[in-house]
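Chemist: Got a file for you: coords_4.tsv, TSV, C-alpha atoms and all ligand atoms.
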```
chain	number	residue	atom	x	y	z
A	1	PRO	CA	108.00	126.75	144.50
A	2	LEU	CA	109.52	123.57	145.82
A	3	PHE	CA	111.79	124.26	148.86
A	4	VAL	CA	114.33	126.43	147.03
A	5	LYS	CA	114.19	129.41	144.72
A	6	SER	CA	115.48	127.68	141.67
A	7	TRP	CA	116.17	124.24	140.31
A	8	VAL	CA	118.53	123.34	137.52
A	9	PHE	CA	118.94	120.45	135.13
A	10	ILE	CA	122.25	118.68	135.79
A	11	ARG	CA	122.26	115.72	133.43
A	12	GLY	CA	120.42	113.28	131.25
A	13	VAL	CA	121.19	109.66	132.06
A	14	PRO	CA	120.87	107.20	129.16
A	15	ALA	CA	122.34	104.25	131.11
A	16	MET	CA	123.16	103.35	134.69
A	17	LYS	CA	126.86	104.16	134.44
A	18	PHE	CA	126.00	107.83	133.83
A	19	LEU	CA	124.05	108.25	137.08
A	20	PRO	CA	125.31	110.98	139.42
A	21	PRO	CA	127.05	109.75	142.58
A	22	GLU	CA	124.59	108.25	145.03
A	23	GLY	CA	123.93	110.26	148.18
A	24	PRO	CA	121.02	112.69	148.03
A	25	LEU	CA	117.54	111.21	148.33
A	26	GLU	CA	115.61	111.19	145.08
A	27	VAL	CA	112.02	111.24	144.00
A	28	ALA	CA	111.12	110.38	140.43
A	29	PHE	CA	108.19	111.13	138.13
A	30	ALA	CA	106.83	108.61	135.66
A	31	GLY	CA	103.90	108.58	133.27
A	32	ARG	CA	102.67	107.97	129.76
A	33	SER	CA	103.83	110.40	127.10
A	34	ASN	CA	101.62	113.49	127.17
A	35	VAL	CA	100.27	112.82	130.68
A	36	GLY	CA	101.43	116.31	131.70
A	37	LYS	CA	104.67	115.32	133.43
A	38	SER	CA	106.81	118.23	132.19
A	39	SER	CA	104.04	120.70	133.00
A	40	LEU	CA	103.68	119.29	136.50
A	41	ILE	CA	107.41	119.37	137.25
A	42	ASN	CA	107.62	122.93	135.95
A	43	ALA	CA	104.63	123.97	138.04
A	44	LEU	CA	106.03	122.28	141.16
A	45	VAL	CA	109.33	124.11	140.98
A	46	GLY	CA	107.81	127.33	139.60
A	47	HIS	CA	110.07	127.37	136.57
A	48	LYS	CA	108.34	127.21	133.22
A	49	GLY	CA	111.09	125.91	131.02
A	50	LEU	CA	112.80	123.44	133.36
A	51	ALA	CA	111.38	120.18	132.06
A	52	ARG	CA	110.72	120.67	128.37
A	53	THR	CA	107.00	120.59	127.67
A	54	SER	CA	107.15	120.01	123.96
A	55	ASN	CA	109.24	116.85	123.86
A	56	THR	CA	108.51	114.70	120.87
A	57	PRO	CA	106.58	111.84	122.48
A	58	GLY	CA	108.75	108.80	123.02
A	59	ARG	CA	111.91	110.62	122.03
A	60	THR	CA	113.52	111.31	125.39
A	61	GLN	CA	114.89	108.04	126.63
A	62	GLU	CA	116.86	109.45	129.51
A	63	LEU	CA	116.50	109.98	133.23
A	64	ASN	CA	116.67	113.74	133.62
A	65	TYR	CA	118.16	114.97	136.89
A	66	PHE	CA	117.13	118.25	138.52
A	67	VAL	CA	118.70	119.66	141.67
A	68	PRO	CA	118.55	122.91	143.64
A	69	ASP	CA	120.68	125.56	141.99
A	70	GLY	CA	124.29	125.73	143.13
A	71	TYR	CA	125.03	122.01	142.99
A	72	THR	CA	126.68	120.02	140.24
A	73	GLY	CA	125.79	116.57	141.51
A	74	GLU	CA	129.47	115.64	141.36
A	75	GLU	CA	131.32	114.12	144.30
A	76	GLY	CA	132.01	116.97	146.74
A	77	ASN	CA	129.08	119.03	145.51
A	78	LEU	CA	126.11	116.79	146.14
A	79	PRO	CA	122.68	118.43	146.42
A	80	PRO	CA	120.37	117.88	149.41
A	81	MET	CA	117.89	116.07	147.15
A	82	ALA	CA	117.15	115.45	143.50
A	83	LEU	CA	114.13	115.20	141.22
A	84	VAL	CA	114.25	112.67	138.43
A	85	ASP	CA	112.11	112.98	135.34
A	86	MET	CA	111.75	109.48	133.95
A	87	PRO	CA	111.24	108.97	130.23
A	88	GLY	CA	107.58	108.82	129.18
A	89	TYR	CA	106.14	105.48	128.13
A	90	GLY	CA	103.24	104.16	126.11
A	91	TYR	CA	103.88	106.09	122.93
A	92	ALA	CA	102.04	104.04	120.31
A	93	GLN	CA	104.56	104.59	117.52
A	94	ALA	CA	107.60	103.72	119.64
A	95	PRO	CA	109.76	101.07	117.98
A	96	LYS	CA	110.29	97.89	119.97
A	97	GLU	CA	114.00	98.69	120.60
A	98	HIS	CA	112.87	101.88	122.32
A	99	VAL	CA	110.43	100.08	124.54
A	100	ASP	CA	113.06	97.48	125.42
A	101	ALA	CA	115.67	100.17	126.13
A	102	TRP	CA	113.15	102.02	128.30
A	103	THR	CA	112.30	98.89	130.27
A	104	LYS	CA	115.94	98.04	130.83
A	105	LEU	CA	116.99	101.51	131.94
A	106	VAL	CA	113.98	101.96	134.19
A	107	PHE	CA	114.17	98.53	135.75
A	108	ASP	CA	117.93	98.83	136.36
A	109	TYR	CA	117.33	102.21	137.94
A	110	LEU	CA	114.43	101.06	140.10
A	111	ARG	CA	116.31	98.00	141.28
A	112	GLY	CA	119.70	99.58	141.68
A	113	ARG	CA	119.17	103.01	143.18
A	114	ALA	CA	119.10	102.75	146.96
A	115	THR	CA	118.53	106.50	147.38
A	116	LEU	CA	115.34	106.50	145.31
A	117	LYS	CA	112.65	107.12	147.91
A	118	ARG	CA	109.50	107.27	145.84
A	119	VAL	CA	108.16	107.36	142.32
A	120	TYR	CA	105.18	109.59	141.56
A	121	VAL	CA	103.21	107.87	138.83
A	122	LEU	CA	101.16	110.36	136.86
A	123	ILE	CA	97.79	109.32	135.49
A	124	ASP	CA	95.66	111.46	133.17
A	125	SER	CA	92.31	112.15	134.88
A	126	ARG	CA	90.45	111.65	131.62
A	127	HIS	CA	91.92	108.22	130.95
A	128	GLY	CA	92.55	106.59	134.33
A	129	ILE	CA	94.97	103.69	134.75
A	130	LYS	CA	95.66	102.10	131.33
A	131	LYS	CA	97.25	98.76	130.54
A	132	ASN	CA	100.76	100.18	130.21
A	133	ASP	CA	100.35	102.11	133.47
A	134	ASP	CA	99.40	98.85	135.11
A	135	GLU	CA	102.56	97.24	133.72
A	136	VAL	CA	104.66	100.03	135.20
A	137	LEU	CA	102.94	99.63	138.58
A	138	SER	CA	103.79	95.94	138.44
A	139	LEU	CA	107.40	96.81	137.66
A	140	LEU	CA	107.46	99.08	140.71
A	141	ASP	CA	105.89	96.42	142.92
A	142	LYS	CA	108.45	93.90	141.66
A	143	ALA	CA	111.31	96.30	142.36
A	144	ALA	CA	109.72	97.10	145.76
A	145	VAL	CA	109.97	100.83	145.15
A	146	SER	CA	107.37	102.92	146.94
A	147	TYR	CA	105.11	104.84	144.57
A	148	GLN	CA	102.18	107.21	144.73
A	149	ILE	CA	99.56	107.96	142.08
A	150	VAL	CA	99.13	111.57	140.99
A	151	LEU	CA	96.14	112.41	138.81
A	152	THR	CA	96.89	115.13	136.25
A	153	LYS	CA	94.75	117.61	134.28
A	154	THR	CA	91.82	117.47	136.69
A	155	ASP	CA	90.60	120.73	135.14
A	156	LYS	CA	89.62	118.60	132.13
A	157	ILE	CA	87.01	116.63	134.05
A	158	LYS	CA	83.99	117.75	136.09
A	159	GLU	CA	85.01	118.91	139.54
A	160	ALA	CA	82.35	116.74	141.14
A	161	GLY	CA	83.91	113.68	139.46
A	162	VAL	CA	87.29	114.12	141.14
A	163	PRO	CA	86.52	112.46	144.51
A	164	ARG	CA	84.99	109.47	142.72
A	165	LEU	CA	87.99	109.15	140.43
A	166	ILE	CA	90.26	109.22	143.48
A	167	SER	CA	88.33	106.43	145.20
A	168	GLU	CA	88.14	104.34	142.01
A	169	THR	CA	91.88	104.73	141.56
A	170	LEU	CA	92.52	103.77	145.19
A	171	GLU	CA	90.37	100.69	144.75
A	172	LYS	CA	92.41	99.66	141.69
A	173	ILE	CA	95.71	99.80	143.56
A	174	ARG	CA	94.43	98.44	146.86
A	175	LYS	CA	96.21	95.10	146.54
A	176	ARG	CA	99.43	96.49	145.17
A	177	PRO	CA	102.17	96.06	147.79
A	178	ALA	CA	104.33	99.10	147.03
A	179	ALA	CA	101.49	101.58	146.39
A	180	PHE	CA	101.11	104.45	148.84
A	181	PRO	CA	97.43	104.44	149.79
A	182	GLU	CA	96.70	108.07	148.95
A	183	VAL	CA	96.07	109.65	145.57
A	184	ILE	CA	96.87	113.28	144.81
A	185	ALA	CA	94.68	115.14	142.30
A	186	THR	CA	96.41	117.96	140.41
A	187	SER	CA	96.01	120.47	137.64
A	188	SER	CA	99.18	122.24	136.57
A	189	GLU	CA	97.04	124.59	134.52
A	190	LYS	CA	94.96	125.69	137.52
A	191	GLY	CA	97.66	125.22	140.14
A	192	LYS	CA	95.59	122.60	141.96
A	193	GLY	CA	97.05	119.94	144.24
A	194	LEU	CA	100.56	121.33	143.87
A	195	ASP	CA	101.01	122.19	147.55
A	196	GLU	CA	99.72	118.77	148.52
A	197	LEU	CA	102.27	117.17	146.22
A	198	ARG	CA	105.09	119.44	147.49
A	199	HIS	CA	104.18	118.45	151.02
A	200	ALA	CA	104.22	114.76	150.11
A	201	ILE	CA	107.67	115.15	148.53
A	202	ALA	CA	108.98	117.02	151.57
A	203	GLU	CA	107.79	114.22	153.84
A	204	THR	CA	109.33	111.61	151.59
A	205	VAL	CA	112.81	113.08	151.48
A	206	GLY	CA	112.74	114.97	154.78
A	207	TYR	CA	113.85	118.19	153.11
B	1	LIG	P1	104.50	115.17	129.10
B	1	LIG	O1	104.67	114.56	127.74
B	1	LIG	O2	103.96	114.17	130.08
B	1	LIG	O3	105.72	115.88	129.61
B	1	LIG	O4	103.30	116.24	128.97
B	1	LIG	P2	103.33	117.83	128.87
B	1	LIG	O5	103.59	118.45	130.18
B	1	LIG	O6	104.20	118.22	127.71
B	1	LIG	O7	101.79	118.10	128.53
B	1	LIG	C1	101.14	117.48	127.45
B	1	LIG	C2	99.97	118.35	127.02
B	1	LIG	O8	99.01	118.44	128.05
B	1	LIG	C3	100.38	119.79	126.71
B	1	LIG	O9	99.61	120.24	125.61
B	1	LIG	C4	100.01	120.54	127.97
B	1	LIG	O10	99.69	121.90	127.73
B	1	LIG	C5	98.77	119.79	128.44
B	1	LIG	N1	98.65	119.85	129.92
B	1	LIG	C6	99.57	119.55	130.83
B	1	LIG	N2	99.09	119.73	132.08
B	1	LIG	C7	97.82	120.17	131.95
B	1	LIG	C8	96.80	120.53	132.89
B	1	LIG	O11	96.94	120.51	134.12
B	1	LIG	N3	95.60	120.90	132.37
B	1	LIG	C9	95.38	120.94	131.01
B	1	LIG	N4	94.16	121.31	130.60
B	1	LIG	N5	96.31	120.63	130.12
B	1	LIG	C10	97.53	120.24	130.57
```
When written as structure tokens, how does the structure in this file appear?
Modeler:
Amino acid sequence: PLFVKSWVFIRGVPAMKFLPPEGPLEVAFAGRSNVGKSSLINALVGHKGLARTSNTPGRTQELNYFVPDGYTGEEGNLPPMALVDMPGYGYAQAPKEHVDAWTKLVFDYLRGRATLKRVYVLIDSRHGIKKNDDEVLSLLDKAAVSYQIVLTKTDKIKEAGVPRLISETLEKIRKRPAAFPEVIATSSEKGKGLDELRHAIAETVGY
């Protein structure tokens, strides 16, 4: 598991004013609906039900905060670090108000959260970087928030294709100013790449 024995959900944040007090360093996870974000977070922390895996796509419009057990996130009981599950994007049936609300919340958060150290942007191995992923990468570049690409569900593609997919992905982000120039390939199902990702997170937050 990730650093500690157990992680807990402390709150869902629908707007900036509901954010926990700033202090602990944070890493966040972003990706299109169904990319495998909940599964990856659960696999990382070794806790199956932590991030719900069966969210109705496009429904959860909140930043979900997870911290090591024993902390409330309130002033006086701040955790050493936090994981933030960002709402999924790119759900085809999402009404425009949802997309606008998503963009506002996410952009406010990216711009306004000094303790946010890195965003892990999840990309489905079968689909690669899509138009709406590209838009999110541009948002991150504009907000000057460091991000790293994580490929998900690599068990769904041929093993021999993984190195090529990594280099193609690297090539696509080469000119992006805030992109970390390494791509991590994972499969939550097979437990692949999880230690590499844990290591990257540890380096990012120094925990
Ligand atoms: P989210 O919407 O991004 O949170 O995605 P979920 O974690 O709920 O996963 C979406 C679907 O992809 C579910 O049916 C998962 O079982 C499946 N899934 C997630 N990770 C993997 C993986 O590593 N390999 C495979 N084969 N399926 C996965």
Chemist: Would you please work out which residue, of A:Arg164, A:Ala51, A:Ser38, A:Leu137, is nearest to A:Phe107 when using all atoms listed in the file?
Modeler: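 Ranking A:Arg164, A:Ala51, A:Ser38, A:Leu137 by distance to A:Phe107, first place goes to A:Leu137.
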Chemist: Taking all atoms listed in the file into account, which residues have an atom no farther than 6 Å from ligand LIG 1 (chain B)? I'd like them as a VMD selection string.
Modeler: chain A and resid 33 to 39 53 to 54 152 to 153 155 to 156 187 to 189
Chemist: Mind pulling up the distance from atom CA of A:Asp85 to atom CA of A:Phe29?
Modeler: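 Atom CA of A:Asp85 lies at a distance of 5.2 Å from atom CA of A:Phe29.
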Chemist: Which value, in Å to one decimal, gives the distance between atom CA of A:Ala202 and atom CA of A:Gly73?
Modeler: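 These two atoms are separated by 19.6 Å.
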Chemist: With distances taken over all atoms listed in the file, which residue among A:Gln148, A:Thr72, A:Thr154, A:Gln93 lies nearest A:Leu122?
Modeler: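 Answer, going by the shortest atom-to-atom distance: A:Gln148.
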Chemist: Figure out the distance between atom CA of A:Ser146 and atom CA of A:Lys175, please, to one decimal in Å.
Modeler: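 Value for the atom CA of A:Lys175-atom CA of A:Ser146 distance: 13.6 Å.
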Chemist: Would you please work out which residue, of A:Ile184, A:Leu25, A:Leu63, A:Ala15, is nearest to A:Glu196 when using all atoms listed in the file?
Modeler: A:Ile184
Chemist: Choose the residue, out of A:Val8, A:Leu194, A:Ala114, A:Met86, that has the smallest atom-to-atom separation from A:Gly70; count only C-alpha atoms.
Modeler: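 For A:Gly70, the nearest of the given residues is A:Val8.
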Chemist: From the set A:Glu62, A:Glu135, A:Glu26, A:Asp124, which residue has the shortest atom-to-atom contact distance to A:Leu83, counting only C-alpha atoms?
Modeler: A:Glu26
Chemist: I need the residue nearest A:Arg118 from this list: A:Ala178, A:Gly49, A:Val4, A:Glu75. Use only C-alpha atoms for the distance.
Modeler: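 For A:Arg118, the nearest of the given residues is A:Ala178.
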Chemist: Please produce stretch 120-153 of chain A, completed to N, CA and C atoms, as a compact mmCIF listing (two decimals), keeping the file's coordinate frame.
Modeler:
```
# COMPACT_ATOMS: atom_id res chain seq x y z
N TYR A 120 106.53 109.06 141.76
CA TYR A 120 105.18 109.59 141.56
C TYR A 120 104.74 109.17 140.17
N VAL A 121 103.70 108.36 140.13
CA VAL A 121 103.21 107.87 138.83
C VAL A 121 102.02 108.71 138.42
N LEU A 122 102.18 109.42 137.32
CA LEU A 122 101.16 110.36 136.86
C LEU A 122 100.14 109.65 135.97
N ILE A 123 98.88 109.92 136.25
CA ILE A 123 97.79 109.32 135.49
C ILE A 123 96.85 110.44 135.03
N ASP A 124 96.56 110.45 133.74
CA ASP A 124 95.66 111.46 133.17
C ASP A 124 94.24 111.23 133.69
N SER A 125 93.66 112.26 134.30
CA SER A 125 92.31 112.15 134.88
C SER A 125 91.26 111.68 133.89
N ARG A 126 91.46 112.02 132.62
CA ARG A 126 90.45 111.65 131.62
C ARG A 126 90.54 110.18 131.25
N HIS A 127 91.73 109.59 131.44
CA HIS A 127 91.92 108.22 130.95
C HIS A 127 91.99 107.16 132.06
N GLY A 128 92.38 107.57 133.25
CA GLY A 128 92.55 106.59 134.33
C GLY A 128 93.74 105.68 134.07
N ILE A 129 93.84 104.61 134.87
CA ILE A 129 94.97 103.69 134.75
C ILE A 129 94.78 102.79 133.52
N LYS A 130 95.71 102.91 132.56
CA LYS A 130 95.66 102.10 131.33
C LYS A 130 96.55 100.88 131.49
N LYS A 131 96.49 100.00 130.48
CA LYS A 131 97.25 98.76 130.54
C LYS A 131 98.74 99.02 130.78
N ASN A 132 99.31 99.97 130.03
CA ASN A 132 100.76 100.18 130.21
C ASN A 132 101.09 100.85 131.55
N ASP A 133 100.14 101.60 132.11
CA ASP A 133 100.35 102.11 133.47
C ASP A 133 100.41 100.94 134.45
N ASP A 134 99.46 100.02 134.25
CA ASP A 134 99.40 98.85 135.11
C ASP A 134 100.71 98.06 135.08
N GLU A 135 101.29 97.95 133.86
CA GLU A 135 102.56 97.24 133.72
C GLU A 135 103.68 97.94 134.50
N VAL A 136 103.65 99.28 134.46
CA VAL A 136 104.66 100.03 135.20
C VAL A 136 104.46 99.86 136.71
N LEU A 137 103.20 99.85 137.15
CA LEU A 137 102.94 99.63 138.58
C LEU A 137 103.45 98.25 139.01
N SER A 138 103.28 97.28 138.12
CA SER A 138 103.79 95.94 138.44
C SER A 138 105.31 95.92 138.54
N LEU A 139 105.94 96.69 137.64
CA LEU A 139 107.40 96.81 137.66
C LEU A 139 107.85 97.42 139.00
N LEU A 140 107.13 98.43 139.44
CA LEU A 140 107.46 99.08 140.71
C LEU A 140 107.24 98.14 141.89
N ASP A 141 106.14 97.40 141.85
CA ASP A 141 105.89 96.42 142.92
C ASP A 141 107.00 95.38 142.97
N LYS A 142 107.41 94.92 141.76
CA LYS A 142 108.45 93.90 141.66
C LYS A 142 109.78 94.42 142.19
N ALA A 143 110.06 95.69 141.90
CA ALA A 143 111.31 96.30 142.36
C ALA A 143 111.20 96.76 143.82
N ALA A 144 109.99 96.66 144.38
CA ALA A 144 109.72 97.10 145.76
C ALA A 144 110.10 98.56 145.98
N VAL A 145 109.75 99.38 145.00
CA VAL A 145 109.97 100.83 145.15
C VAL A 145 108.62 101.48 145.46
N SER A 146 108.58 102.23 146.54
CA SER A 146 107.37 102.92 146.94
C SER A 146 106.91 103.89 145.85
N TYR A 147 105.62 103.90 145.57
CA TYR A 147 105.11 104.84 144.57
C TYR A 147 103.76 105.40 144.99
N GLN A 148 103.45 106.56 144.44
CA GLN A 148 102.18 107.21 144.73
C GLN A 148 101.57 107.70 143.42
N ILE A 149 100.26 107.52 143.30
CA ILE A 149 99.56 107.96 142.08
C ILE A 149 99.21 109.44 142.18
N VAL A 150 99.50 110.16 141.10
CA VAL A 150 99.13 111.57 140.99
C VAL A 150 98.25 111.73 139.75
N LEU A 151 97.02 112.17 139.95
CA LEU A 151 96.14 112.41 138.81
C LEU A 151 96.49 113.77 138.22
N THR A 152 96.58 113.86 136.91
CA THR A 152 96.89 115.13 136.25
C THR A 152 95.68 115.66 135.49
N LYS A 153 95.74 116.94 135.15
CA LYS A 153 94.75 117.61 134.28
C LYS A 153 93.33 117.49 134.82
```
